[in-house]
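**Student:** Attaching a single structure in structure tokens format; questions to follow.
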2 protein chains.
Amino acid sequence: MFDNKSTYGDFLRSDENIATNILADRLLMLECAGMIVKERHPENGTKFLYKPTQKAIDLLPALLELIVWSDKHERISVRAREFARQIRKDRESIIRQMSAYLKSISEK
Amino acid sequence: MFDNKSTYGDFLRSDENIATNILADRLLMLECAGMIVKERHPENGTKFLYKPTQKAIDLLPALLELIVWSDKHERISVRAREFARQIRKDRESIIRQMSAYLKSISEK
DNA sequence: AACATTACTTGTATTTTGCAAGTAATATTA
DNA sequence: TAATATTACTTGCAAAATACAAGTAATGTT
């Protein structure tokens with residue numbers, strides 16, 4: 001939701017270094033829980049797109065608060081620190097902007 | 001943090017039904033992570049008190065957002081629903097009140 | 001002195017995870 | 001068009017985490 005990652009390969013190659021079987025399992029769980037929907041990629045037949053549902057997008061306020069918390073209590077990246085600063089400055093506006101953006105890409 | 005539970009026995013008897021060894025393990029992890037401190041109970045020598053640190057109390061905003069999310073997307077208790085309503089109504093005031101309360105009991 | 005609470009620890013079976021390897025479907029290249 | 005490459009998985013197995021049952025040590029109560 002924060003890095004515009006949307007395919008199995010995107011998730012696999014991200015920093016978390018998750019195992020292939022665990023990733024497949026998690027994607028299925030998230031789909032069953034109504035947090036993501038799986039669709040064919042419009043430009044590449046080998047790929048699938050995993051899009052967040054409104055239920056997932058609605059977690060944004062909680063996630064933003066966790067970023068603010070991390071900024072206070074953990075060592076995080078410069079990029080995350082800057083983002084935390086913005087959230088503290090104008091939380092409501094960031095929630096509105098990001099929700100609208102995520103909704104727009106999930107409707108494509 | 002929401003139910004005033006503060007001893008090993010309190011946690012053990014709560015709804016989650018955690019195993020004794022897992023609970024002991026979790027309490028140690030939380031203590032090592034600086035989220036709780038362990039102290040002797042002032043009135044009962046067999047008991048220990050586990051108190052949240054400021055680091056834990058600072059998670060309150062994120063936790064409250066999760067309660068609001070749950071109210072929208074999951075089936076929760078009447079009590080939790082009423083709490084969610086209050087949070088939506090006056091979030092800042094609830095954070096201030098609860099933080100102050102948790103800080104006061106953690107300083108006893 | 002015996003029994004009860006409380007907060008654990010220990011042993012073992014079950015479940016989950018992590019790693020390496022393999023497979024099926026589509027896309028690209030020679 | 002045949003061979004190779006991508007992508008999204010699945011499968012098998014070892015290692016780690018969890019759940020359950022039972023036991024122990026320190027303090028408190030009768």
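So you can find residues: chains in the structure tokens are A, B, ... in the order shown, residues in each start at 1, and ligands are numbered from 1 in order.
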Pull out every residue of chain B sitting within 8 Å of chain D, counting only C-alpha atoms (C1' of nucleotides), and send them as a list in words.

**Tutor:**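 Taking only C-alpha atoms (C1' of nucleotides) into account, Ala19, Ile22, Gly45 and Thr46 of chain B sit within 8 Å of chain D.
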
**Student:** Could the residues of chain B within 12 Å of chain C, counting only C-alpha atoms (C1' of nucleotides), be given as a list in words, please?

**Tutor:** Thr7, Tyr8, Gly9, Asp10, Phe11, Leu12, Ala19, Thr20, Asn21, Ile22, Leu23, Ala24, Asp25, Leu27, Leu28, Arg40, His41, Asn44, Gly45, Thr46, Lys47, Phe48 and Leu49 of chain B

**Student:** Write down, as a list in words, each residue of chain A that has any atom within 12 Å of an atom of chain B, counting only C-alpha atoms.

**Tutor:**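 My answer is Ala33, Gly34, Met35, Thr53, Gln54, Lys55, Ala56, Ile57, Asp58, Leu59, Leu60, Pro61, Ala62, Leu63, Leu64, Glu65, Leu66, Ile67, Val68, Trp69, Ser70, Asp71, Lys72, His73 and Glu74 of chain A.
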
**Student:** So which residues touch Ser106 (chain B) within 7 Å, counting only C-alpha atoms (C1' of nucleotides), skipping near sequence neighbours fewer than 4 positions away, as number ranges by chain?

**Tutor:** B: 51-52, 102

**Student:** Output as a VMD selection string all residues of chain B that backbone DSSP marks as alpha helix (DSSP H).

**Tutor:** chain B and resid 8 to 12 20 to 32 54 to 57 60 to 73 78 to 106

**Student:** When DSSP is applied to the backbone of this structure, which of region 35-87 of chain A are assigned strand (DSSP E)? Write them out as a VMD selection string.

**Tutor:** chain A and resid 36 to 40 48 to 52

**Student:** Can you measure CA of Arg91 (chain A) to CA of Ala80 (chain B) for me? One decimal in Å is fine.

**Tutor:**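 These two atoms are separated by 24.4 Å.
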
**Student:** Would you mind reading off the distance between CA of Arg79 (chain B) and CA of Asp15 (chain B), one decimal, in Å?

**Tutor:** 14.8 Å
